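Read the structure below first, then the notes.
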Amino acid sequence: MPGVAESERFARLRLPVSASRGRRYPELPHPYRNDFQRDRDRIVHSRAFRRLENKTQVFPPSVSDHFRNRLTHTLEVSQIARTIAASLGLDEDFTEALALAHDLGHPPFGHSGEEELNRQMAAFGDRFDHNVHALRIVERFESHYAAFPGLNLTFEVREGMAKHSRDFGPGEFPELDEYRPGERAPLEAQLIDMADEIAYNTADLDDASDAGMFTLDDLWDACPGAYALYEPVESMYPGAPERVRWLEFVRRLVDALVTGLITGTQANLLSTQLLSVEDVRQHPVRLVGFTPATAELNQSLKHFLHARVYSSPSLEAERAKSETQVGWMFEHLLAHPEALPEAYRLDYASEPAHRMVCDYIAGMTDGFFQRAYQELTAAPHA
Ligand code: MG
């Protein structure tokens, strides 16, 4: 734990709204909401945010009605990220805005949708990247204001959206060159990636257990660190229903990962002499990270999820079907642009056709995609 002097030093690593570079189009201040709070509200009121409800996280809705979707996942990330930010003395409003925006750019069908769009775009020497797409959404596609395009979010929120899950160098993503390439993101953005990982590892484990994809013994054999968290539950509540004991374990797991992340990050900060957000930006590596023991637990969970869940025959089959359908849709719309809504074609006439088709598909929810796919494959020219 940091002492008083360290806590004061850590407080200088927070990025307060007063240090923001501001918005692309200047706006008058709001009487009682600061700019990061306004960014959060703009994200929550966006169409792209509402669409998260009908986008697959890992399990398609056909499997169960109470599994996570991308919207509930986003809320879990936001809750975990705010807890971590508050504990580390970072800016909670900034963190919350970033957490709520972190998955806005995901196309339908999770990672298989993203991979297929990227594969299709590669044929044109282009690419699809969900972080870049999220910025296109908030800068262009969300049209709520008469005075400017997009949501006019602060520079820091846009930068955090670009950088939360990876760092990039100058020229690596030419469309992101205004977002301080080659520098680390502020700590608030760095922690989003880890909060995301904690949220989906624990949630995927919970949903997969519910779907009967593994037995508890399978998990304990593969992850001794997880069993160490379950053991006290067994001895404290031997008569509790298995489902309740499982949820007691999941709770402890989230808590252990969050605590390990806070402790690990404090240790990383203690080992440096960073005195400002600028120092964080210039530091050669990210500073938000697990303790070694928590990193090992997290790694064992990831391996287990890959082996038993993500590469299971049922999810593989689902993924292969999604990729084929997204690929078909891309090629079909490219060959038949008249199938795109007219208003959409007129709005984006300056874009190359492959980009227009990619943006259109990326914006779809799983449900909208399925309806469009049924209609187009039933059409006589298909
Ligand atoms: Mg996520």
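Residues are named by chain letter and number: chains run A, B, ... in the order of the structure tokens, numbers start at 1 in each chain, and ligands are numbered from 1 in the order shown.
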Counting only C-alpha atoms and all ligand atoms, which residues of chain A fall within 10 Å of ligand 1, and what is the closest atom pair for each with its distance in Å at one decimal, ordered by chain and rising number, as CSV?
residue,atom,partner,partner_atom_place_in_ligand_line,distance
A:Gln57,CA,ligand 1,1 (Mg),8.1
A:Arg70,CA,ligand 1,1 (Mg),7.3
A:Leu71,CA,ligand 1,1 (Mg),9.4
A:His73,CA,ligand 1,1 (Mg),6.8
A:Thr74,CA,ligand 1,1 (Mg),6.3
A:Leu75,CA,ligand 1,1 (Mg),9.8
A:Glu76,CA,ligand 1,1 (Mg),9.4
A:Val77,CA,ligand 1,1 (Mg),7.2
A:Ser78,CA,ligand 1,1 (Mg),10.0
A:Ala99,CA,ligand 1,1 (Mg),8.4
A:Leu100,CA,ligand 1,1 (Mg),9.4
A:Ala101,CA,ligand 1,1 (Mg),9.4
A:His102,CA,ligand 1,1 (Mg),6.3
A:Asp103,CA,ligand 1,1 (Mg),5.3
A:Leu104,CA,ligand 1,1 (Mg),9.1
A:His106,CA,ligand 1,1 (Mg),8.9
A:Gly110,CA,ligand 1,1 (Mg),9.9
A:Ser165,CA,ligand 1,1 (Mg),9.5
A:Ile192,CA,ligand 1,1 (Mg),8.8
A:Asp193,CA,ligand 1,1 (Mg),7.9
A:Met194,CA,ligand 1,1 (Mg),9.8
A:Ala195,CA,ligand 1,1 (Mg),8.7
A:Asp196,CA,ligand 1,1 (Mg),5.0
A:Glu197,CA,ligand 1,1 (Mg),7.4
A:Ile198,CA,ligand 1,1 (Mg),9.8
A:Ala199,CA,ligand 1,1 (Mg),7.9
A:Tyr200,CA,ligand 1,1 (Mg),7.1
I need the chosen residues saved as an mmCIF file, in the first residue's frame, with N, CA, C and O atoms.
data_model
loop_
_atom_site.group_PDB
_atom_site.id
_atom_site.type_symbol
_atom_site.label_atom_id
_atom_site.label_comp_id
_atom_site.auth_asym_id
_atom_site.auth_seq_id
_atom_site.Cartn_x
_atom_site.Cartn_y
_atom_site.Cartn_z
ATOM 1 N N GLN A 57 -21.821 -11.016 -27.237
ATOM 2 C CA GLN A 57 -20.548 -10.931 -26.534
ATOM 3 C C GLN A 57 -19.783 -12.218 -26.864
ATOM 4 O O GLN A 57 -18.831 -12.188 -27.625
ATOM 5 N N ARG A 70 -23.438 -7.531 -25.227
ATOM 6 C CA ARG A 70 -22.394 -6.518 -25.187
ATOM 7 C C ARG A 70 -22.782 -5.308 -24.319
ATOM 8 O O ARG A 70 -21.921 -4.616 -23.791
ATOM 9 N N LEU A 71 -24.076 -5.087 -24.155
ATOM 10 C CA LEU A 71 -24.505 -3.967 -23.302
ATOM 11 C C LEU A 71 -24.294 -4.299 -21.822
ATOM 12 O O LEU A 71 -23.715 -3.496 -21.081
ATOM 13 N N HIS A 73 -22.312 -6.507 -20.653
ATOM 14 C CA HIS A 73 -20.853 -6.595 -20.474
ATOM 15 C C HIS A 73 -20.270 -5.194 -20.253
ATOM 16 O O HIS A 73 -19.453 -4.978 -19.353
ATOM 17 N N THR A 74 -20.709 -4.240 -21.063
ATOM 18 C CA THR A 74 -20.214 -2.863 -20.958
ATOM 19 C C THR A 74 -20.514 -2.288 -19.570
ATOM 20 O O THR A 74 -19.675 -1.605 -18.980
ATOM 21 N N LEU A 75 -21.704 -2.595 -19.042
ATOM 22 C CA LEU A 75 -22.052 -2.092 -17.706
ATOM 23 C C LEU A 75 -21.163 -2.749 -16.639
ATOM 24 O O LEU A 75 -20.758 -2.092 -15.670
ATOM 25 N N GLU A 76 -20.845 -4.023 -16.819
ATOM 26 C CA GLU A 76 -19.954 -4.691 -15.865
ATOM 27 C C GLU A 76 -18.553 -4.071 -15.921
ATOM 28 O O GLU A 76 -17.912 -3.837 -14.895
ATOM 29 N N VAL A 77 -18.082 -3.788 -17.146
ATOM 30 C CA VAL A 77 -16.761 -3.146 -17.287
ATOM 31 C C VAL A 77 -16.765 -1.784 -16.598
ATOM 32 O O VAL A 77 -15.836 -1.425 -15.880
ATOM 33 N N SER A 78 -17.849 -1.041 -16.789
ATOM 34 C CA SER A 78 -17.933 0.301 -16.220
ATOM 35 C C SER A 78 -17.886 0.245 -14.696
ATOM 36 O O SER A 78 -17.184 1.032 -14.044
ATOM 37 N N ALA A 99 -15.178 3.562 -20.345
ATOM 38 C CA ALA A 99 -15.702 2.194 -20.206
ATOM 39 C C ALA A 99 -16.980 2.029 -21.024
ATOM 40 O O ALA A 99 -17.165 1.030 -21.719
ATOM 41 N N LEU A 100 -17.853 3.034 -20.947
ATOM 42 C CA LEU A 100 -19.132 2.917 -21.658
ATOM 43 C C LEU A 100 -18.933 2.958 -23.170
ATOM 44 O O LEU A 100 -19.747 2.437 -23.926
ATOM 45 N N ALA A 101 -17.827 3.574 -23.616
ATOM 46 C CA ALA A 101 -17.566 3.679 -25.057
ATOM 47 C C ALA A 101 -16.723 2.527 -25.590
ATOM 48 O O ALA A 101 -16.596 2.376 -26.805
ATOM 49 N N HIS A 102 -16.156 1.690 -24.701
ATOM 50 C CA HIS A 102 -15.063 0.826 -25.152
ATOM 51 C C HIS A 102 -15.468 -0.211 -26.206
ATOM 52 O O HIS A 102 -14.625 -0.655 -26.973
ATOM 53 N N ASP A 103 -16.731 -0.596 -26.284
ATOM 54 C CA ASP A 103 -17.139 -1.609 -27.269
ATOM 55 C C ASP A 103 -18.060 -1.058 -28.360
ATOM 56 O O ASP A 103 -18.647 -1.846 -29.112
ATOM 57 N N LEU A 104 -18.188 0.267 -28.454
ATOM 58 C CA LEU A 104 -19.137 0.853 -29.421
ATOM 59 C C LEU A 104 -18.860 0.419 -30.864
ATOM 60 O O LEU A 104 -19.773 0.346 -31.674
ATOM 61 N N HIS A 106 -17.880 -2.448 -32.057
ATOM 62 C CA HIS A 106 -17.945 -3.870 -32.405
ATOM 63 C C HIS A 106 -19.043 -4.153 -33.418
ATOM 64 O O HIS A 106 -20.181 -3.751 -33.250
ATOM 65 N N GLY A 110 -19.632 -10.519 -32.536
ATOM 66 C CA GLY A 110 -18.368 -10.521 -31.790
ATOM 67 C C GLY A 110 -17.144 -10.528 -32.684
ATOM 68 O O GLY A 110 -17.114 -9.871 -33.721
ATOM 69 N N SER A 165 -6.981 -0.470 -25.845
ATOM 70 C CA SER A 165 -6.584 -1.882 -25.889
ATOM 71 C C SER A 165 -5.226 -2.117 -26.556
ATOM 72 O O SER A 165 -4.779 -3.250 -26.639
ATOM 73 N N ILE A 192 -8.932 0.538 -18.509
ATOM 74 C CA ILE A 192 -10.121 0.010 -19.190
ATOM 75 C C ILE A 192 -9.843 -1.365 -19.786
ATOM 76 O O ILE A 192 -10.661 -2.281 -19.692
ATOM 77 N N ASP A 193 -8.670 -1.505 -20.395
ATOM 78 C CA ASP A 193 -8.341 -2.779 -21.028
ATOM 79 C C ASP A 193 -8.337 -3.912 -19.994
ATOM 80 O O ASP A 193 -8.822 -5.012 -20.255
ATOM 81 N N MET A 194 -7.804 -3.625 -18.810
ATOM 82 C CA MET A 194 -7.729 -4.653 -17.774
ATOM 83 C C MET A 194 -9.099 -4.900 -17.132
ATOM 84 O O MET A 194 -9.441 -6.041 -16.804
ATOM 85 N N ALA A 195 -9.878 -3.842 -16.953
ATOM 86 C CA ALA A 195 -11.237 -4.022 -16.418
ATOM 87 C C ALA A 195 -12.066 -4.849 -17.406
ATOM 88 O O ALA A 195 -12.870 -5.696 -17.010
ATOM 89 N N ASP A 196 -11.859 -4.608 -18.692
ATOM 90 C CA ASP A 196 -12.536 -5.368 -19.747
ATOM 91 C C ASP A 196 -12.173 -6.850 -19.612
ATOM 92 O O ASP A 196 -13.044 -7.726 -19.608
ATOM 93 N N GLU A 197 -10.887 -7.104 -19.450
ATOM 94 C CA GLU A 197 -10.420 -8.493 -19.351
ATOM 95 C C GLU A 197 -10.983 -9.192 -18.104
ATOM 96 O O GLU A 197 -11.416 -10.344 -18.169
ATOM 97 N N ILE A 198 -10.987 -8.492 -16.969
ATOM 98 C CA ILE A 198 -11.548 -9.079 -15.744
ATOM 99 C C ILE A 198 -13.034 -9.374 -15.963
ATOM 100 O O ILE A 198 -13.536 -10.450 -15.623
ATOM 101 N N ALA A 199 -13.747 -8.406 -16.569
ATOM 102 C CA ALA A 199 -15.190 -8.573 -16.766
ATOM 103 C C ALA A 199 -15.486 -9.743 -17.682
ATOM 104 O O ALA A 199 -16.342 -10.579 -17.378
ATOM 105 N N TYR A 200 -14.772 -9.849 -18.820
ATOM 106 C CA TYR A 200 -15.171 -10.930 -19.730
ATOM 107 C C TYR A 200 -14.649 -12.293 -19.303
ATOM 108 O O TYR A 200 -15.319 -13.295 -19.516
#
Show me, as JSON lines, the residues of region 48-101 of chain A having an atom within 12 Å of region 356-363 of chain A, each with the closest atom pair and its distance in Å, using only C-alpha atoms.
{"residue": "A:Ala48", "atom": "CA", "partner": "A:Gly363", "partner_atom": "CA", "distance": 7.5}
{"residue": "A:Phe49", "atom": "CA", "partner": "A:Gly363", "partner_atom": "CA", "distance": 10.8}
{"residue": "A:Arg50", "atom": "CA", "partner": "A:Gly363", "partner_atom": "CA", "distance": 11.4}
{"residue": "A:Arg51", "atom": "CA", "partner": "A:Gly363", "partner_atom": "CA", "distance": 8.4}
{"residue": "A:Leu52", "atom": "CA", "partner": "A:Gly363", "partner_atom": "CA", "distance": 10.1}
{"residue": "A:Asn54", "atom": "CA", "partner": "A:Gly363", "partner_atom": "CA", "distance": 11.2}
{"residue": "A:Lys55", "atom": "CA", "partner": "A:Gly363", "partner_atom": "CA", "distance": 10.1}
Skipping near chain neighbours, those fewer than 6 positions away, what residues fall within 8 Å of region 142-149 of chain A using only C-alpha atoms, listed as a PyMOL selection string?
chain A and resi 25+46-48
Writing out the chosen residues with N, CA and C atoms as a compact mmCIF listing (two decimals), in the first residue's frame:
# COMPACT_ATOMS: atom_id res chain seq x y z
N TYR A 25 -15.03 21.05 -31.61
CA TYR A 25 -15.84 22.26 -31.83
C TYR A 25 -16.14 22.85 -30.45
N SER A 46 -26.47 7.60 -27.16
CA SER A 46 -26.23 7.35 -28.58
C SER A 46 -26.93 6.08 -29.04
N ARG A 47 -27.17 6.03 -30.33
CA ARG A 47 -27.79 4.86 -30.93
C ARG A 47 -26.84 3.66 -30.87
N ALA A 48 -25.56 3.93 -31.09
CA ALA A 48 -24.57 2.84 -31.08
C ALA A 48 -24.54 2.16 -29.71
May I have the residues within 7 Å of Phe249 (chain A) as an mmCIF file with N, CA and C atoms, in the first residue's frame, using only C-alpha atoms and disregarding those fewer than 6 positions away in the same chain?
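Result went into selection.cif, see below:
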data_model
loop_
_atom_site.group_PDB
_atom_site.id
_atom_site.type_symbol
_atom_site.label_atom_id
_atom_site.label_comp_id
_atom_site.auth_asym_id
_atom_site.auth_seq_id
_atom_site.Cartn_x
_atom_site.Cartn_y
_atom_site.Cartn_z
ATOM 1 N N LEU A 229 -9.745 -20.239 -4.261
ATOM 2 C CA LEU A 229 -10.824 -19.295 -3.925
ATOM 3 C C LEU A 229 -12.130 -20.029 -3.613
ATOM 4 N N TYR A 230 -12.281 -21.211 -4.220
ATOM 5 C CA TYR A 230 -13.522 -21.967 -4.032
ATOM 6 C C TYR A 230 -13.523 -22.758 -2.727
ATOM 7 N N VAL A 233 -15.359 -21.531 0.291
ATOM 8 C CA VAL A 233 -16.813 -21.540 0.076
ATOM 9 C C VAL A 233 -17.355 -22.917 0.429
#
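Of the listed residues (A:Gln266, A:Ser20, A:Gln299, A:Gln325), A:Gln299 comes nearest to Gly225 (chain A); the distances count only C-alpha atoms.
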Using DSSP secondary structure from the backbone, list all alpha helix (DSSP H) positions within region 347-379 of chain A, as an mmCIF file with all heavy atoms, in the first residue's frame.
data_model
loop_
_atom_site.group_PDB
_atom_site.id
_atom_site.type_symbol
_atom_site.label_atom_id
_atom_site.label_comp_id
_atom_site.auth_asym_id
_atom_site.auth_seq_id
_atom_site.Cartn_x
_atom_site.Cartn_y
_atom_site.Cartn_z
ATOM 1 N N ASP A 347 -25.496 9.940 -48.206
ATOM 2 C CA ASP A 347 -24.684 10.525 -47.135
ATOM 3 C C ASP A 347 -23.203 10.182 -47.281
ATOM 4 O O ASP A 347 -22.344 10.974 -46.932
ATOM 5 C CB ASP A 347 -25.153 10.012 -45.759
ATOM 6 C CG ASP A 347 -26.314 10.824 -45.225
ATOM 7 O OD1 ASP A 347 -26.719 11.769 -45.918
ATOM 8 O OD2 ASP A 347 -26.818 10.504 -44.127
ATOM 9 N N ALA A 353 -16.626 2.328 -52.212
ATOM 10 C CA ALA A 353 -17.759 1.408 -52.013
ATOM 11 C C ALA A 353 -17.474 0.379 -50.914
ATOM 12 O O ALA A 353 -18.357 0.067 -50.106
ATOM 13 C CB ALA A 353 -18.085 0.716 -53.330
ATOM 14 N N HIS A 354 -16.247 -0.149 -50.866
ATOM 15 C CA HIS A 354 -15.965 -1.200 -49.864
ATOM 16 C C HIS A 354 -16.057 -0.632 -48.449
ATOM 17 O O HIS A 354 -16.481 -1.314 -47.525
ATOM 18 C CB HIS A 354 -14.602 -1.868 -50.108
ATOM 19 C CG HIS A 354 -13.419 -0.969 -49.961
ATOM 20 N ND1 HIS A 354 -12.938 -0.187 -50.971
ATOM 21 C CD2 HIS A 354 -12.612 -0.727 -48.898
ATOM 22 C CE1 HIS A 354 -11.879 0.490 -50.541
ATOM 23 N NE2 HIS A 354 -11.667 0.190 -49.285
ATOM 24 N N ARG A 355 -15.689 0.646 -48.265
ATOM 25 C CA ARG A 355 -15.759 1.270 -46.941
ATOM 26 C C ARG A 355 -17.231 1.502 -46.554
ATOM 27 O O ARG A 355 -17.636 1.294 -45.422
ATOM 28 C CB ARG A 355 -14.945 2.574 -46.957
ATOM 29 C CG ARG A 355 -15.033 3.434 -45.713
ATOM 30 C CD ARG A 355 -14.647 2.726 -44.439
ATOM 31 N NE ARG A 355 -13.248 2.330 -44.407
ATOM 32 C CZ ARG A 355 -12.714 1.597 -43.405
ATOM 33 N NH1 ARG A 355 -13.464 1.205 -42.394
ATOM 34 N NH2 ARG A 355 -11.441 1.259 -43.441
ATOM 35 N N MET A 356 -18.012 1.931 -47.540
ATOM 36 C CA MET A 356 -19.433 2.189 -47.268
ATOM 37 C C MET A 356 -20.129 0.889 -46.841
ATOM 38 O O MET A 356 -20.889 0.865 -45.864
ATOM 39 C CB MET A 356 -20.099 2.743 -48.539
ATOM 40 C CG MET A 356 -21.416 3.426 -48.274
ATOM 41 S SD MET A 356 -22.413 3.692 -49.751
ATOM 42 C CE MET A 356 -21.403 4.729 -50.741
ATOM 43 N N VAL A 357 -19.833 -0.180 -47.554
ATOM 44 C CA VAL A 357 -20.448 -1.477 -47.233
ATOM 45 C C VAL A 357 -19.971 -1.963 -45.858
ATOM 46 O O VAL A 357 -20.767 -2.431 -45.029
ATOM 47 C CB VAL A 357 -20.102 -2.521 -48.332
ATOM 48 C CG1 VAL A 357 -20.428 -3.932 -47.872
ATOM 49 C CG2 VAL A 357 -20.843 -2.175 -49.619
ATOM 50 N N CYS A 358 -18.682 -1.802 -45.583
ATOM 51 C CA CYS A 358 -18.115 -2.245 -44.306
ATOM 52 C C CYS A 358 -18.761 -1.483 -43.147
ATOM 53 O O CYS A 358 -19.183 -2.093 -42.151
ATOM 54 C CB CYS A 358 -16.602 -2.016 -44.325
ATOM 55 S SG CYS A 358 -15.770 -2.523 -42.826
ATOM 56 N N ASP A 359 -18.865 -0.158 -43.275
ATOM 57 C CA ASP A 359 -19.480 0.648 -42.206
ATOM 58 C C ASP A 359 -20.936 0.242 -41.991
ATOM 59 O O ASP A 359 -21.415 0.193 -40.859
ATOM 60 C CB ASP A 359 -19.438 2.144 -42.565
ATOM 61 C CG ASP A 359 -18.056 2.750 -42.357
ATOM 62 O OD1 ASP A 359 -17.255 2.161 -41.611
ATOM 63 O OD2 ASP A 359 -17.786 3.821 -42.945
ATOM 64 N N TYR A 360 -21.621 -0.037 -43.089
ATOM 65 C CA TYR A 360 -23.031 -0.395 -42.991
ATOM 66 C C TYR A 360 -23.201 -1.714 -42.218
ATOM 67 O O TYR A 360 -24.010 -1.799 -41.283
ATOM 68 C CB TYR A 360 -23.635 -0.502 -44.393
ATOM 69 C CG TYR A 360 -25.132 -0.743 -44.388
ATOM 70 C CD1 TYR A 360 -26.001 0.208 -43.871
ATOM 71 C CD2 TYR A 360 -25.665 -1.922 -44.912
ATOM 72 C CE1 TYR A 360 -27.372 -0.009 -43.856
ATOM 73 C CE2 TYR A 360 -27.039 -2.151 -44.910
ATOM 74 C CZ TYR A 360 -27.882 -1.192 -44.372
ATOM 75 O OH TYR A 360 -29.236 -1.409 -44.351
ATOM 76 N N ILE A 361 -22.414 -2.701 -42.577
ATOM 77 C CA ILE A 361 -22.518 -3.994 -41.885
ATOM 78 C C ILE A 361 -22.065 -3.856 -40.429
ATOM 79 O O ILE A 361 -22.704 -4.391 -39.511
ATOM 80 C CB ILE A 361 -21.689 -5.087 -42.605
ATOM 81 C CG1 ILE A 361 -22.250 -5.336 -44.008
ATOM 82 C CG2 ILE A 361 -21.674 -6.392 -41.795
ATOM 83 C CD1 ILE A 361 -21.432 -6.296 -44.854
ATOM 84 N N ALA A 362 -20.975 -3.115 -40.202
ATOM 85 C CA ALA A 362 -20.426 -2.984 -38.837
ATOM 86 C C ALA A 362 -21.440 -2.361 -37.888
ATOM 87 O O ALA A 362 -21.442 -2.652 -36.696
ATOM 88 C CB ALA A 362 -19.140 -2.165 -38.859
ATOM 89 N N ASP A 366 -26.923 -7.938 -34.279
ATOM 90 C CA ASP A 366 -27.067 -9.327 -34.747
ATOM 91 C C ASP A 366 -28.463 -9.544 -35.341
ATOM 92 O O ASP A 366 -28.622 -10.199 -36.373
ATOM 93 C CB ASP A 366 -26.882 -10.313 -33.588
ATOM 94 C CG ASP A 366 -25.472 -10.303 -33.016
ATOM 95 O OD1 ASP A 366 -24.721 -9.348 -33.292
ATOM 96 O OD2 ASP A 366 -25.138 -11.252 -32.285
ATOM 97 N N GLY A 367 -29.469 -8.991 -34.656
ATOM 98 C CA GLY A 367 -30.852 -9.185 -35.104
ATOM 99 C C GLY A 367 -31.110 -8.529 -36.446
ATOM 100 O O GLY A 367 -31.726 -9.127 -37.334
ATOM 101 N N PHE A 368 -30.628 -7.284 -36.614
ATOM 102 C CA PHE A 368 -30.821 -6.592 -37.888
ATOM 103 C C PHE A 368 -30.111 -7.347 -38.998
ATOM 104 O O PHE A 368 -30.639 -7.530 -40.099
ATOM 105 C CB PHE A 368 -30.276 -5.149 -37.799
ATOM 106 C CG PHE A 368 -30.528 -4.333 -39.032
ATOM 107 C CD1 PHE A 368 -31.645 -3.517 -39.114
ATOM 108 C CD2 PHE A 368 -29.654 -4.388 -40.110
ATOM 109 C CE1 PHE A 368 -31.890 -2.769 -40.268
ATOM 110 C CE2 PHE A 368 -29.891 -3.653 -41.268
ATOM 111 C CZ PHE A 368 -31.011 -2.838 -41.339
ATOM 112 N N PHE A 369 -28.882 -7.830 -38.700
ATOM 113 C CA PHE A 369 -28.128 -8.580 -39.697
ATOM 114 C C PHE A 369 -28.930 -9.802 -40.158
ATOM 115 O O PHE A 369 -29.067 -10.063 -41.355
ATOM 116 C CB PHE A 369 -26.765 -9.024 -39.150
ATOM 117 C CG PHE A 369 -25.948 -9.774 -40.175
ATOM 118 C CD1 PHE A 369 -24.984 -9.120 -40.932
ATOM 119 C CD2 PHE A 369 -26.168 -11.127 -40.411
ATOM 120 C CE1 PHE A 369 -24.256 -9.803 -41.911
ATOM 121 C CE2 PHE A 369 -25.454 -11.817 -41.388
ATOM 122 C CZ PHE A 369 -24.496 -11.151 -42.130
ATOM 123 N N GLN A 370 -29.469 -10.538 -39.185
ATOM 124 C CA GLN A 370 -30.197 -11.764 -39.537
ATOM 125 C C GLN A 370 -31.411 -11.464 -40.413
ATOM 126 O O GLN A 370 -31.682 -12.176 -41.384
ATOM 127 C CB GLN A 370 -30.637 -12.529 -38.280
ATOM 128 C CG GLN A 370 -29.503 -13.199 -37.513
ATOM 129 C CD GLN A 370 -28.716 -14.217 -38.354
ATOM 130 O OE1 GLN A 370 -29.098 -14.540 -39.475
ATOM 131 N NE2 GLN A 370 -27.622 -14.708 -37.811
ATOM 132 N N ARG A 371 -32.138 -10.397 -40.076
ATOM 133 C CA ARG A 371 -33.314 -10.048 -40.893
ATOM 134 C C ARG A 371 -32.884 -9.641 -42.301
ATOM 135 O O ARG A 371 -33.472 -10.082 -43.294
ATOM 136 C CB ARG A 371 -34.107 -8.907 -40.229
ATOM 137 C CG ARG A 371 -34.846 -9.332 -38.965
ATOM 138 C CD ARG A 371 -35.888 -8.294 -38.534
ATOM 139 N NE ARG A 371 -35.294 -6.999 -38.212
ATOM 140 C CZ ARG A 371 -34.699 -6.701 -37.043
ATOM 141 N NH1 ARG A 371 -34.603 -7.614 -36.090
ATOM 142 N NH2 ARG A 371 -34.197 -5.499 -36.831
ATOM 143 N N ALA A 372 -31.826 -8.810 -42.381
ATOM 144 C CA ALA A 372 -31.350 -8.368 -43.699
ATOM 145 C C ALA A 372 -30.857 -9.568 -44.509
ATOM 146 O O ALA A 372 -31.117 -9.683 -45.710
ATOM 147 C CB ALA A 372 -30.235 -7.331 -43.532
ATOM 148 N N TYR A 373 -30.181 -10.486 -43.845
ATOM 149 C CA TYR A 373 -29.636 -11.658 -44.513
ATOM 150 C C TYR A 373 -30.772 -12.526 -45.071
ATOM 151 O O TYR A 373 -30.721 -12.981 -46.221
ATOM 152 C CB TYR A 373 -28.779 -12.452 -43.523
ATOM 153 C CG TYR A 373 -28.088 -13.646 -44.133
ATOM 154 C CD1 TYR A 373 -26.910 -13.501 -44.865
ATOM 155 C CD2 TYR A 373 -28.614 -14.927 -43.975
ATOM 156 C CE1 TYR A 373 -26.281 -14.599 -45.423
ATOM 157 C CE2 TYR A 373 -27.985 -16.036 -44.527
ATOM 158 C CZ TYR A 373 -26.816 -15.860 -45.251
ATOM 159 O OH TYR A 373 -26.199 -16.956 -45.814
ATOM 160 N N GLN A 374 -31.803 -12.722 -44.246
ATOM 161 C CA GLN A 374 -32.952 -13.529 -44.711
ATOM 162 C C GLN A 374 -33.598 -12.882 -45.927
ATOM 163 O O GLN A 374 -33.894 -13.548 -46.924
ATOM 164 C CB GLN A 374 -34.028 -13.663 -43.612
ATOM 165 C CG GLN A 374 -33.592 -14.332 -42.316
ATOM 166 C CD GLN A 374 -33.017 -15.718 -42.527
ATOM 167 O OE1 GLN A 374 -33.291 -16.351 -43.534
ATOM 168 N NE2 GLN A 374 -32.204 -16.171 -41.601
ATOM 169 N N GLU A 375 -33.797 -11.562 -45.841
ATOM 170 C CA GLU A 375 -34.452 -10.854 -46.957
ATOM 171 C C GLU A 375 -33.626 -10.947 -48.226
ATOM 172 O O GLU A 375 -34.137 -11.217 -49.305
ATOM 173 C CB GLU A 375 -34.641 -9.371 -46.612
ATOM 174 C CG GLU A 375 -35.932 -9.097 -45.864
ATOM 175 C CD GLU A 375 -35.958 -7.682 -45.298
ATOM 176 O OE1 GLU A 375 -35.388 -6.760 -45.929
ATOM 177 O OE2 GLU A 375 -36.534 -7.512 -44.200
ATOM 178 N N LEU A 376 -32.303 -10.708 -48.091
ATOM 179 C CA LEU A 376 -31.458 -10.664 -49.289
ATOM 180 C C LEU A 376 -31.287 -12.045 -49.897
ATOM 181 O O LEU A 376 -31.254 -12.188 -51.120
ATOM 182 C CB LEU A 376 -30.096 -10.051 -48.949
ATOM 183 C CG LEU A 376 -30.128 -8.550 -48.633
ATOM 184 C CD1 LEU A 376 -28.779 -8.088 -48.110
ATOM 185 C CD2 LEU A 376 -30.518 -7.734 -49.862
ATOM 186 N N THR A 377 -31.173 -13.084 -49.053
ATOM 187 C CA THR A 377 -30.987 -14.419 -49.618
ATOM 188 C C THR A 377 -32.302 -14.929 -50.218
ATOM 189 O O THR A 377 -32.282 -15.795 -51.090
ATOM 190 C CB THR A 377 -30.487 -15.439 -48.562
ATOM 191 O OG1 THR A 377 -31.292 -15.313 -47.396
ATOM 192 C CG2 THR A 377 -29.039 -15.199 -48.206
ATOM 193 N N ALA A 378 -33.438 -14.357 -49.785
ATOM 194 C CA ALA A 378 -34.724 -14.770 -50.361
ATOM 195 C C ALA A 378 -35.020 -13.999 -51.641
ATOM 196 O O ALA A 378 -35.879 -14.395 -52.413
ATOM 197 C CB ALA A 378 -35.850 -14.522 -49.352
#
Can you tell me, as a CSV table (one decimal) with C-alpha atoms, in the first residue's frame, what residues are no more than 9 Å from His164 (chain A) when counting only C-alpha atoms, ignoring any on the same chain fewer than 4 positions away?
chain,number,residue,atom,x,y,z
A,98,LEU,CA,-14.2,5.4,-21.6
A,102,HIS,CA,-15.1,0.8,-25.2
A,131,ASN,CA,-11.4,0.9,-32.2
A,159,GLU,CA,-7.7,9.3,-27.5
A,160,GLY,CA,-8.7,6.7,-24.9
A,185,ALA,CA,-2.5,6.5,-22.8
A,188,GLU,CA,-7.7,5.9,-16.8
A,189,ALA,CA,-7.5,4.5,-20.4
A,190,GLN,CA,-4.9,1.9,-19.5
A,191,LEU,CA,-7.2,0.5,-16.8
A,192,ILE,CA,-10.1,0.0,-19.2
A,193,ASP,CA,-8.3,-2.8,-21.0
